[in-house]
>>> print(open('query.cif').read())   # mmCIF, C-alpha atoms
data_run
loop_
_atom_site.label_atom_id
_atom_site.label_comp_id
_atom_site.auth_asym_id
_atom_site.auth_seq_id
_atom_site.Cartn_x
_atom_site.Cartn_y
_atom_site.Cartn_z
CA MET A 1 -29.79 77.07 59.96
CA ARG A 2 -29.51 80.79 60.63
CA ARG A 3 -32.59 81.48 58.51
CA ASP A 4 -34.57 78.79 60.38
CA LEU A 5 -33.69 80.10 63.84
CA PRO A 6 -36.37 82.86 63.99
CA TYR A 7 -39.08 80.36 63.06
CA ALA A 8 -37.84 77.89 65.69
CA LEU A 9 -37.81 80.60 68.37
CA GLY A 10 -41.31 81.69 67.33
CA GLY A 11 -42.57 78.11 67.54
CA LEU A 12 -40.96 77.69 70.96
CA ALA A 13 -42.63 80.86 72.23
CA LEU A 14 -46.02 79.65 70.92
CA GLY A 15 -45.47 76.27 72.57
CA VAL A 16 -44.71 77.88 75.96
CA LEU A 17 -47.80 80.09 75.57
CA LEU A 18 -49.96 77.09 74.70
CA LEU A 19 -48.77 74.96 77.64
CA GLY A 20 -49.02 77.88 80.03
CA ASN A 21 -52.56 78.59 78.88
CA ALA A 22 -53.46 74.92 79.32
CA VAL A 23 -52.19 74.97 82.88
CA LEU A 24 -54.05 78.18 83.75
CA THR A 25 -57.37 77.41 82.01
CA PRO A 26 -59.85 76.01 84.55
CA ASP A 27 -61.67 73.63 82.20
CA ALA A 28 -58.50 72.33 80.49
CA ALA A 29 -57.31 68.76 80.99
CA THR A 30 -54.00 67.79 82.55
CA VAL A 31 -50.98 68.15 80.30
CA GLU A 32 -49.29 64.79 79.76
CA VAL A 33 -46.04 63.68 78.13
CA LEU A 34 -47.76 63.04 74.83
CA ASP A 35 -49.09 66.59 74.80
CA VAL A 36 -45.58 67.97 75.38
CA ALA A 37 -44.30 65.76 72.54
CA LEU A 38 -47.00 67.16 70.24
CA VAL A 39 -45.96 70.71 71.14
CA LEU A 40 -42.30 69.87 70.42
CA ALA A 41 -43.35 68.40 67.05
CA MET A 42 -45.08 71.71 66.32
CA VAL A 43 -41.90 73.63 67.21
CA VAL A 44 -39.76 71.46 64.92
CA ALA A 45 -42.29 71.77 62.10
CA LEU A 46 -42.34 75.58 62.37
CA ALA A 47 -38.53 75.60 62.34
CA ALA A 48 -38.64 73.78 58.98
CA CYS A 49 -41.62 75.63 57.53
CA GLN A 50 -39.47 77.83 55.30
CA ARG A 51 -37.89 74.79 53.64
CA TYR A 52 -40.95 72.50 53.63
CA PRO A 53 -44.04 74.70 54.01
CA VAL A 54 -46.69 72.11 53.07
CA VAL A 55 -45.25 69.34 55.27
CA ALA A 56 -44.81 71.75 58.16
CA LEU A 57 -48.37 72.99 57.73
CA GLY A 58 -49.71 69.43 57.90
CA VAL A 59 -47.68 68.53 60.98
CA VAL A 60 -48.63 71.73 62.83
CA THR A 61 -52.33 71.32 61.98
CA VAL A 62 -52.49 67.69 63.12
CA ALA A 63 -50.42 68.31 66.27
CA MET A 64 -52.42 71.36 67.38
CA LEU A 65 -55.73 69.71 66.61
CA ALA A 66 -54.66 66.71 68.70
CA VAL A 67 -53.56 68.98 71.56
CA HIS A 68 -56.87 70.81 71.40
CA LEU A 69 -58.85 67.59 71.50
CA ARG A 70 -56.80 66.16 74.39
CA VAL A 71 -56.16 69.21 76.57
CA HIS A 72 -58.52 71.90 75.28
CA PRO A 73 -56.22 74.89 75.98
CA GLY A 74 -58.55 77.31 74.21
CA ALA A 75 -57.87 79.56 71.22
CA SER A 76 -54.09 79.44 71.82
CA ALA A 77 -53.95 76.10 69.94
CA ALA A 78 -54.89 77.97 66.77
CA PHE A 79 -51.94 80.39 66.87
CA PRO A 80 -49.26 78.00 65.46
CA VAL A 81 -51.71 76.87 62.76
CA LEU A 82 -52.41 80.49 61.82
CA GLY A 83 -48.68 81.13 61.42
CA ALA A 84 -48.19 78.00 59.29
CA VAL A 85 -51.23 78.90 57.13
CA TYR A 86 -49.82 82.39 56.52
CA LEU A 87 -46.41 81.04 55.53
CA ALA A 88 -47.94 78.42 53.20
CA ALA A 89 -50.13 81.03 51.48
CA TRP A 90 -47.13 83.36 51.21
CA ARG A 91 -45.11 80.62 49.50
CA GLY A 92 -47.94 80.06 46.99
CA HIS A 93 -49.58 76.93 48.46
CA ARG A 94 -53.07 78.39 48.61
CA SER A 95 -54.94 75.10 48.38
CA ALA A 96 -52.94 73.52 51.21
CA ALA A 97 -53.50 76.62 53.37
CA ALA A 98 -57.26 76.53 52.71
CA VAL A 99 -57.53 72.78 53.40
CA ALA A 100 -55.56 73.08 56.65
CA SER A 101 -57.74 76.00 57.74
CA LEU A 102 -60.97 74.07 57.08
CA ALA A 103 -59.64 70.91 58.77
CA PHE A 104 -58.59 72.73 61.93
CA LEU A 105 -61.79 74.79 62.05
CA GLY A 106 -63.89 71.62 61.58
CA GLY A 107 -62.11 69.72 64.33
CA PHE A 108 -62.16 72.73 66.64
CA LEU A 109 -65.88 73.27 65.98
CA ALA A 110 -66.74 69.60 66.55
CA HIS A 111 -64.91 69.55 69.84
CA ASP A 112 -66.56 72.75 70.99
CA ILE A 113 -69.99 71.35 70.24
CA SER A 114 -69.19 68.19 72.15
CA ILE A 115 -68.08 70.01 75.32
CA ALA A 116 -70.41 73.01 75.13
CA PRO A 117 -72.32 73.71 78.40
CA ALA A 118 -75.91 72.62 78.44
CA GLY A 119 -78.43 75.36 77.72
CA ARG A 120 -76.26 77.61 75.53
CA PRO A 121 -74.32 75.55 72.98
CA GLY A 122 -75.27 77.82 70.12
CA GLN A 123 -73.82 80.95 71.69
CA VAL A 124 -70.47 79.36 72.50
CA VAL A 125 -70.15 77.76 69.07
CA ALA A 126 -71.08 80.97 67.26
CA GLU A 127 -68.58 83.07 69.21
CA ARG A 128 -65.65 80.71 68.80
CA THR A 129 -66.46 79.91 65.17
CA ALA A 130 -66.75 83.58 64.18
CA LEU A 131 -63.50 84.45 65.96
CA LEU A 132 -61.43 81.62 64.46
CA LEU A 133 -62.99 82.00 61.02
CA GLY A 134 -62.00 85.65 60.92
CA TRP A 135 -58.45 84.82 62.02
CA PHE A 136 -57.97 82.13 59.41
CA VAL A 137 -59.44 84.26 56.62
CA ALA A 138 -57.11 87.07 57.63
CA ALA A 139 -54.09 84.71 57.67
CA ASN A 140 -54.88 83.38 54.18
CA VAL A 141 -55.50 86.85 52.76
CA ALA A 142 -52.36 88.28 54.40
CA GLY A 143 -50.26 85.47 52.94
CA LEU A 144 -51.65 86.06 49.45
CA VAL A 145 -51.10 89.83 49.72
CA ALA A 146 -47.51 89.32 50.92
CA ARG A 147 -46.83 86.97 48.01
CA GLN A 148 -48.25 89.43 45.48
CA ARG A 149 -46.20 92.23 46.98
CA ARG A 150 -43.04 90.14 46.78
CA ALA A 151 -43.81 89.28 43.15
CA TYR A 152 -44.36 92.97 42.42
CA LEU A 153 -41.05 93.93 44.03
CA GLU A 154 -39.23 91.20 42.08
CA GLN A 155 -40.82 92.47 38.88
CA VAL A 156 -39.76 96.04 39.67
CA GLU A 157 -36.23 94.87 40.42
CA GLN A 158 -36.11 92.89 37.19
CA ARG A 159 -37.28 95.92 35.25
CA ALA A 160 -34.59 98.03 36.90
CA ILE A 161 -31.93 95.46 35.98
CA GLU A 162 -33.23 95.33 32.42
CA ALA A 163 -33.25 99.12 32.20
CA GLU A 164 -29.67 99.25 33.50
CA ARG A 165 -28.58 96.60 31.01
CA THR A 166 -30.27 98.49 28.17
CA ARG A 167 -28.62 101.71 29.32
CA GLU A 168 -25.20 100.03 29.34
CA GLU A 169 -25.78 98.61 25.87
CA MET A 170 -26.77 102.06 24.58
CA ALA A 171 -23.66 103.58 26.19
CA LEU A 172 -21.45 100.93 24.60
CA ARG A 173 -23.10 101.47 21.22
CA ARG A 174 -22.62 105.23 21.46
CA ALA A 175 -19.01 104.73 22.52
CA GLY A 176 -18.48 102.50 19.49
CA GLU A 177 -20.04 105.09 17.21
CA GLU A 178 -17.84 107.78 18.75
CA ARG A 179 -14.73 105.65 18.22
CA LEU A 180 -15.66 105.19 14.57
CA ARG A 181 -16.20 108.93 14.16
CA ILE A 182 -12.82 109.71 15.75
CA ALA A 183 -11.18 107.08 13.54
CA ARG A 184 -12.69 108.65 10.42
CA ASP A 185 -11.61 112.13 11.50
CA LEU A 186 -8.07 110.99 12.25
CA HIS A 187 -7.87 109.15 8.96
CA ASP A 188 -9.12 112.13 6.98
CA SER A 189 -7.01 114.75 8.76
CA LEU A 190 -3.70 113.00 9.47
CA THR A 191 -3.20 109.92 7.33
CA HIS A 192 -3.06 111.78 4.05
CA SER A 193 -0.64 114.43 5.34
CA ILE A 194 1.72 111.92 6.95
CA SER A 195 1.61 109.76 3.83
CA VAL A 196 2.62 112.75 1.71
CA ILE A 197 5.51 113.52 4.07
CA LYS A 198 6.68 109.92 3.95
CA VAL A 199 6.46 109.74 0.15
CA GLN A 200 8.25 113.07 -0.35
CA ALA A 201 11.02 112.09 2.06
CA GLY A 202 11.42 108.76 0.30
CA ILE A 203 11.64 110.45 -3.09
CA ALA A 204 14.25 112.89 -1.79
CA VAL A 205 16.35 110.05 -0.37
CA HIS A 206 16.04 108.11 -3.62
CA LEU A 207 17.06 111.10 -5.77
CA ALA A 208 20.02 111.88 -3.54
CA ARG A 209 21.31 108.34 -3.79
CA LYS A 210 20.62 108.29 -7.53
CA HIS A 211 22.93 111.27 -7.94
CA GLY A 212 25.62 109.60 -5.87
CA GLU A 213 25.04 111.72 -2.80
CA GLU A 214 24.47 110.48 0.73
CA PRO A 215 21.11 111.68 2.10
CA SER A 216 21.35 113.99 5.07
CA ALA A 217 20.68 112.62 8.57
CA THR A 218 17.75 115.00 8.92
CA LEU A 219 16.11 113.67 5.77
CA LEU A 220 16.60 110.08 6.88
CA ALA A 221 15.15 110.93 10.30
CA ILE A 222 12.10 112.50 8.62
CA GLN A 223 11.60 109.38 6.53
CA GLU A 224 11.94 107.06 9.55
CA ALA A 225 9.76 109.21 11.82
CA SER A 226 7.01 109.50 9.20
CA GLY A 227 7.03 105.73 8.76
CA ALA A 228 6.81 105.18 12.53
CA ALA A 229 4.01 107.75 12.75
CA MET A 230 2.09 105.95 10.02
CA ARG A 231 2.44 102.62 11.84
CA GLU A 232 1.30 104.07 15.16
CA LEU A 233 -1.57 105.94 13.53
CA ARG A 234 -2.67 102.78 11.72
CA THR A 235 -2.57 100.85 15.01
CA THR A 236 -4.57 103.59 16.74
CA LEU A 237 -7.19 103.55 14.01
CA ASP A 238 -7.45 99.76 14.24
CA VAL A 239 -7.96 99.99 18.02
CA LEU A 240 -10.62 102.66 17.59
CA ARG A 241 -12.50 100.65 14.98
CA ALA A 242 -12.25 97.40 16.97
CA PRO A 243 -11.06 97.88 20.57
CA THR A 244 -8.37 95.18 20.76
CA ASP A 245 -4.89 95.31 22.20
CA GLY A 246 -3.20 95.97 18.87
CA ASP A 247 0.55 96.54 18.48
CA ARG A 248 0.93 99.03 21.30
CA VAL A 249 4.16 100.85 22.04
CA GLY A 250 5.95 100.54 25.35
CA LEU A 251 9.20 101.20 27.17
CA ALA A 252 10.84 98.32 25.31
CA ARG A 253 10.87 100.58 22.25
CA VAL A 254 12.53 103.56 23.91
CA ASP A 255 15.77 102.79 22.09
CA GLU A 256 14.04 103.23 18.70
CA LEU A 257 12.66 106.56 19.93
CA VAL A 258 16.09 107.68 21.08
CA GLN A 259 17.67 106.74 17.75
CA ARG A 260 15.14 108.84 15.84
CA THR A 261 15.77 111.78 18.16
CA ARG A 262 19.53 111.49 17.66
CA ALA A 263 18.97 111.42 13.92
CA VAL A 264 17.50 114.92 14.00
CA GLY A 265 20.58 116.25 15.77
CA VAL A 266 19.72 115.97 19.47
CA PRO A 267 22.24 113.97 21.52
CA VAL A 268 20.40 111.66 23.93
CA GLN A 269 21.72 109.62 26.84
CA VAL A 270 19.72 106.80 28.39
CA THR A 271 19.95 105.50 31.95
CA VAL A 272 17.92 102.52 33.15
CA THR A 273 17.94 101.48 36.80
CA GLY A 274 16.16 98.67 38.61
CA GLN A 275 14.80 95.42 37.26
CA ARG A 276 11.95 95.57 34.78
CA GLY A 277 8.97 93.49 35.86
CA ASP A 278 5.55 92.84 34.38
CA LEU A 279 4.24 96.38 33.97
CA PRO A 280 0.54 97.01 33.40
CA GLU A 281 -0.01 97.69 29.72
CA GLU A 282 -1.46 101.15 30.37
CA VAL A 283 1.52 102.19 32.50
CA ASP A 284 4.01 100.80 29.97
CA GLN A 285 2.41 102.73 27.13
CA ALA A 286 2.00 105.92 29.18
CA GLY A 287 5.70 105.89 30.17
CA TYR A 288 6.68 105.61 26.50
CA ARG A 289 4.35 108.46 25.52
CA VAL A 290 5.75 110.75 28.21
CA ILE A 291 9.31 110.16 26.98
CA GLN A 292 8.19 110.61 23.37
CA GLU A 293 6.47 113.92 24.05
CA ALA A 294 9.35 115.19 26.19
CA LEU A 295 11.96 114.38 23.51
CA THR A 296 9.75 116.01 20.89
CA ASN A 297 9.64 119.19 23.00
CA VAL A 298 13.43 119.09 23.39
CA ALA A 299 13.88 118.89 19.62
CA ARG A 300 11.39 121.70 18.99
CA HIS A 301 11.96 124.18 21.81
CA ALA A 302 15.23 123.54 23.66
CA GLY A 303 17.59 124.71 20.92
CA PRO A 304 21.10 123.23 20.94
CA ALA A 305 20.79 120.84 23.87
CA THR A 306 21.57 117.38 25.15
CA ALA A 307 18.77 115.23 26.54
CA HIS A 308 19.01 112.63 29.27
CA VAL A 309 16.36 109.91 29.56
CA GLN A 310 16.00 108.10 32.87
CA VAL A 311 13.84 105.02 33.46
CA ALA A 312 13.75 103.73 37.05
CA TYR A 313 11.97 100.47 37.87
CA ALA A 314 10.95 99.83 41.47
CA PRO A 315 8.64 97.25 43.08
CA THR A 316 5.97 99.86 43.88
CA GLU A 317 6.45 102.52 41.22
CA LEU A 318 7.82 103.38 37.81
CA THR A 319 9.59 106.68 37.19
CA VAL A 320 10.47 108.12 33.80
CA ALA A 321 12.27 111.43 33.39
CA VAL A 322 13.67 113.51 30.56
CA THR A 323 16.01 116.41 31.33
CA ASP A 324 17.84 118.73 28.97
CA ASP A 325 20.34 121.57 29.21
CA GLY A 326 18.56 123.77 26.72
CA GLN A 327 17.38 127.37 26.75
CA ALA A 328 14.58 127.09 29.35
CA SER A 329 15.05 129.35 32.39
CA PRO A 330 13.20 129.43 35.73
CA THR A 331 12.66 133.16 35.30
CA GLU A 332 10.63 132.69 32.13
CA PRO A 333 6.94 131.91 32.57
CA LEU A 334 5.89 128.43 31.42
CA THR A 335 2.77 128.21 29.28
CA PRO A 336 1.68 124.55 29.09
CA GLY A 337 0.81 123.46 25.58
CA VAL A 338 -1.32 120.64 24.31
CA GLY A 339 1.53 118.16 24.75
CA LEU A 340 2.12 118.94 28.43
CA ARG A 341 -1.60 118.92 29.18
CA GLY A 342 -1.96 115.59 27.41
CA MET A 343 0.93 114.13 29.41
CA ARG A 344 -0.58 115.32 32.70
CA GLU A 345 -4.00 113.87 31.84
CA ARG A 346 -2.47 110.54 30.83
CA VAL A 347 -0.41 110.26 34.02
CA SER A 348 -3.22 111.42 36.34
CA ALA A 349 -5.62 108.90 34.84
CA LEU A 350 -3.30 106.12 36.06
CA GLY A 351 -2.99 107.57 39.56
CA GLY A 352 0.50 108.99 38.95
CA THR A 353 2.11 112.42 39.30
CA LEU A 354 3.82 114.59 36.68
CA ARG A 355 6.36 117.31 37.41
CA THR A 356 7.40 119.73 34.68
CA ALA A 357 9.68 122.65 35.54
CA ALA A 358 12.69 124.57 34.39
CA GLN A 359 15.97 123.75 36.14
CA ASP A 360 17.77 126.22 38.36
CA ASP A 361 20.61 126.96 35.93
CA HIS A 362 19.08 126.22 32.52
CA GLY A 363 17.21 123.42 30.87
CA PHE A 364 13.95 121.66 31.52
CA THR A 365 12.81 118.54 33.42
CA VAL A 366 9.82 116.28 32.84
CA ARG A 367 9.37 113.60 35.51
CA ALA A 368 6.43 111.16 35.72
CA THR A 369 5.86 108.65 38.52
CA PHE A 370 3.36 105.79 38.17
CA PRO A 371 2.29 103.71 41.20
CA LEU A 372 2.42 99.95 40.69
CA ARG A 373 0.39 98.82 43.70
CA PRO A 374 -1.98 95.99 42.61
CA ALA A 375 -5.17 97.61 43.91
CA LEU A 376 -4.45 100.95 42.28
CA THR A 377 -3.31 99.34 39.05
CA ALA A 378 -6.50 97.25 38.82
CA ARG A 379 -8.63 100.31 39.51
CA SER A 380 -6.89 102.39 36.87
CA ALA A 381 -7.31 99.61 34.32
CA GLU A 382 -11.07 99.66 34.85
CA GLU A 383 -11.48 103.43 34.54
CA PRO A 384 -12.24 104.81 31.08
CA GLY A 385 -9.49 107.43 31.43
#
>>> encode(input="query.cif", output="structure tokens")
Amino acid sequence: MRRDLPYALGGLALGVLLLGNAVLTPDAATVEVLDVALVLAMVVALAACQRYPVVALGVVTVAMLAVHLRVHPGASAAFPVLGAVYLAAWRGHRSAAAVASLAFLGGFLAHDISIAPAGRPGQVVAERTALLLGWFVAANVAGLVARQRRAYLEQVEQRAIEAERTREEMALRRAGEERLRIARDLHDSLTHSISVIKVQAGIAVHLARKHGEEPSATLLAIQEASGAAMRELRTTLDVLRAPTDGDRVGLARVDELVQRTRAVGVPVQVTVTGQRGDLPEEVDQAGYRVIQEALTNVARHAGPATAHVQVAYAPTELTVAVTDDGQASPTEPLTPGVGLRGMRERVSALGGTLRTAAQDDHGFTVRATFPLRPALTARSAEEPG
């Protein structure tokens, strides 16, 4: 109804113009109830011309021709017909527009000849015929041009959509090729080395037990860590080759991570507060990776130290923190390595914040906070980072 309103208002304005012209024209007949009904029929037909262009064109042509024959309001009776002809030609009904134009022009011409003043019928007929013929030709041509322009714009839009779709397909194909290249590089550079470490550790454990000795905790930790690294690397390679969910790590496996860290001689305490809910998969994995990298740094750089892992669940955020009482001092400059930069990039990509700093007395703190608001979580899940 909202789309039909402009056409209805336009038809009403043309009807008022037509009736006003009929009242003011000296040689026009008296406007009767039937004439007003014909004008109202024209208004209703123009209101429905967008939905039923051919029917509306027929009703407007017949109604205006009847008004012209009964009242003779002049050229104003042709205005609604011109509008209906334009709309019909614009919608692709060229034959109907041409037939309506010829029918109205024929009736208008016949009536003009019948009422032409004696002594100069040819002049009056020629003037009116030339004027109306030009108007109707212009209305038909304008409708055809508007239709062709609309078709051209639709074609351009379709080409743009097709080009965008092709561009997206090419981007996806290149991303797939890049994932395969990264998978090959990781396989060639890491898998062999980690496999050798795992095999050598296994042989050492086997030989120690064969000689009746208990393998050292460090050796067992190396064997377990190399096996876990192989599993995670294999999962990562599978995800890169075919981007599926895979067997991803998460905060539910923090206990396994803590046990491996304790096995290499680093005492670790774990504190969990709050109630764990349904975490987004990216946040769950990122929290695990932050704890993993922080514990790795404690084992490598903190010296003799005790680590404390904190996981705090809240309705709007997740906080993970790892603190130690190692050798780090606030007076010593901190040079971020690849691990710290990787943690910061991972946390920032999910809209979170990462704080890494030495403690006032001694030791180091890594604290990551991830927002869990639905809008931000959905946005971060859609971003490539």
>>> residues_around(input="query.cif", residues="region 8-10 of chain A", least_positions_apart="5", cutoff="12 Å", atoms="all atoms listed in the file", output="list in words")
Met1, Arg2, Arg3, Gly15, Val16, Leu17, Leu40, Ala41, Met42, Val43, Val44, Ala45, Leu46, Ala47, Ala48, Cys49, Gln50, Ala56, Phe79, Pro80, Gly83 and Ala84 of chain A
>>> atom_distance(input="query.cif", atom1="CA of Val54 (chain A)", atom2="CA of Ala96 (chain A)")
6.7 Å
>>> residues_around(input="query.cif", residues="Thr306 (chain A)", least_positions_apart="2", cutoff="8 Å", atoms="all atoms listed in the file", output="NGL selection string")
:A and (266-269 or 304 or 308 or 324-326)
>>> closest_residue(input="query.cif", among="A:Val59, A:Ala29, A:Ala314, A:Val249", to="Asp278 (chain A)", atoms="all atoms listed in the file")
A:Ala314
>>> closest_residue(input="query.cif", among="A:Thr30, A:Ser114, A:Asn140, A:Thr129", to="Ala100 (chain A)", atoms="all atoms listed in the file")
A:Asn140
>>> closest_residue(input="query.cif", among="A:Ala368, A:Val311, A:Val36, A:Val205", to="Gly274 (chain A)", atoms="all atoms listed in the file")
A:Val311
>>> decode(input="query.cif", residues="region 173-182 of chain A", atoms="all heavy atoms", output="short mmCIF file (atom, residue, chain, number, x, y, z; two decimals), in the first residue's frame")
data_model
loop_
_atom_site.label_atom_id
_atom_site.label_comp_id
_atom_site.auth_asym_id
_atom_site.auth_seq_id
_atom_site.Cartn_x
_atom_site.Cartn_y
_atom_site.Cartn_z
N ARG A 173 40.22 -19.99 -2.40
CA ARG A 173 41.15 -20.93 -3.01
C ARG A 173 42.60 -20.62 -2.62
O ARG A 173 43.39 -21.51 -2.31
CB ARG A 173 40.99 -20.92 -4.53
CG ARG A 173 41.84 -21.97 -5.22
CD ARG A 173 41.46 -22.14 -6.67
NE ARG A 173 41.67 -20.91 -7.43
CZ ARG A 173 40.70 -20.16 -7.90
NH1 ARG A 173 39.44 -20.48 -7.66
NH2 ARG A 173 40.95 -19.06 -8.59
N ARG A 174 42.93 -19.32 -2.63
CA ARG A 174 44.29 -18.95 -2.23
C ARG A 174 44.54 -19.24 -0.75
O ARG A 174 45.64 -19.67 -0.38
CB ARG A 174 44.50 -17.47 -2.51
CG ARG A 174 44.58 -17.13 -4.00
CD ARG A 174 44.66 -15.64 -4.22
NE ARG A 174 44.73 -15.31 -5.64
CZ ARG A 174 44.66 -14.08 -6.13
NH1 ARG A 174 44.53 -13.06 -5.30
NH2 ARG A 174 44.72 -13.87 -7.44
N ALA A 175 43.49 -19.02 0.08
CA ALA A 175 43.65 -19.36 1.50
C ALA A 175 43.86 -20.86 1.68
O ALA A 175 44.67 -21.29 2.50
CB ALA A 175 42.42 -18.89 2.28
N GLY A 176 43.12 -21.67 0.91
CA GLY A 176 43.32 -23.11 0.98
C GLY A 176 44.71 -23.53 0.54
O GLY A 176 45.36 -24.38 1.17
N GLU A 177 45.20 -22.90 -0.54
CA GLU A 177 46.56 -23.20 -0.99
C GLU A 177 47.60 -22.80 0.05
O GLU A 177 48.60 -23.50 0.27
CB GLU A 177 46.82 -22.49 -2.32
CG GLU A 177 45.96 -23.00 -3.47
CD GLU A 177 46.13 -22.17 -4.72
OE1 GLU A 177 46.84 -21.14 -4.64
OE2 GLU A 177 45.58 -22.55 -5.78
N GLU A 178 47.36 -21.64 0.72
CA GLU A 178 48.29 -21.20 1.74
C GLU A 178 48.26 -22.14 2.95
O GLU A 178 49.31 -22.44 3.54
CB GLU A 178 47.93 -19.78 2.18
CG GLU A 178 48.89 -19.16 3.19
CD GLU A 178 50.27 -18.91 2.62
OE1 GLU A 178 50.43 -18.96 1.38
OE2 GLU A 178 51.20 -18.67 3.42
N ARG A 179 47.07 -22.62 3.31
CA ARG A 179 47.01 -23.59 4.41
C ARG A 179 47.78 -24.86 4.08
O ARG A 179 48.50 -25.40 4.92
CB ARG A 179 45.55 -23.94 4.71
CG ARG A 179 44.78 -22.86 5.45
CD ARG A 179 43.52 -23.44 6.07
NE ARG A 179 42.68 -24.07 5.06
CZ ARG A 179 41.73 -23.44 4.40
NH1 ARG A 179 41.50 -22.15 4.63
NH2 ARG A 179 40.99 -24.06 3.51
N LEU A 180 47.64 -25.33 2.84
CA LEU A 180 48.38 -26.53 2.45
C LEU A 180 49.89 -26.29 2.49
O LEU A 180 50.66 -27.16 2.89
CB LEU A 180 47.94 -26.97 1.05
CG LEU A 180 46.51 -27.51 0.95
CD1 LEU A 180 46.18 -27.84 -0.50
CD2 LEU A 180 46.32 -28.74 1.81
N ARG A 181 50.31 -25.09 2.05
CA ARG A 181 51.75 -24.80 2.07
C ARG A 181 52.27 -24.76 3.50
O ARG A 181 53.33 -25.31 3.80
CB ARG A 181 52.00 -23.45 1.39
CG ARG A 181 53.49 -23.12 1.24
CD ARG A 181 53.68 -21.70 0.78
NE ARG A 181 53.23 -20.75 1.78
CZ ARG A 181 53.96 -20.41 2.85
NH1 ARG A 181 55.15 -20.96 3.05
NH2 ARG A 181 53.50 -19.54 3.73
N ILE A 182 51.50 -24.11 4.40
CA ILE A 182 51.92 -24.06 5.81
C ILE A 182 51.95 -25.47 6.41
O ILE A 182 52.86 -25.81 7.17
CB ILE A 182 50.98 -23.15 6.60
CG1 ILE A 182 51.10 -21.70 6.10
CG2 ILE A 182 51.26 -23.22 8.09
CD1 ILE A 182 50.10 -20.76 6.73
#
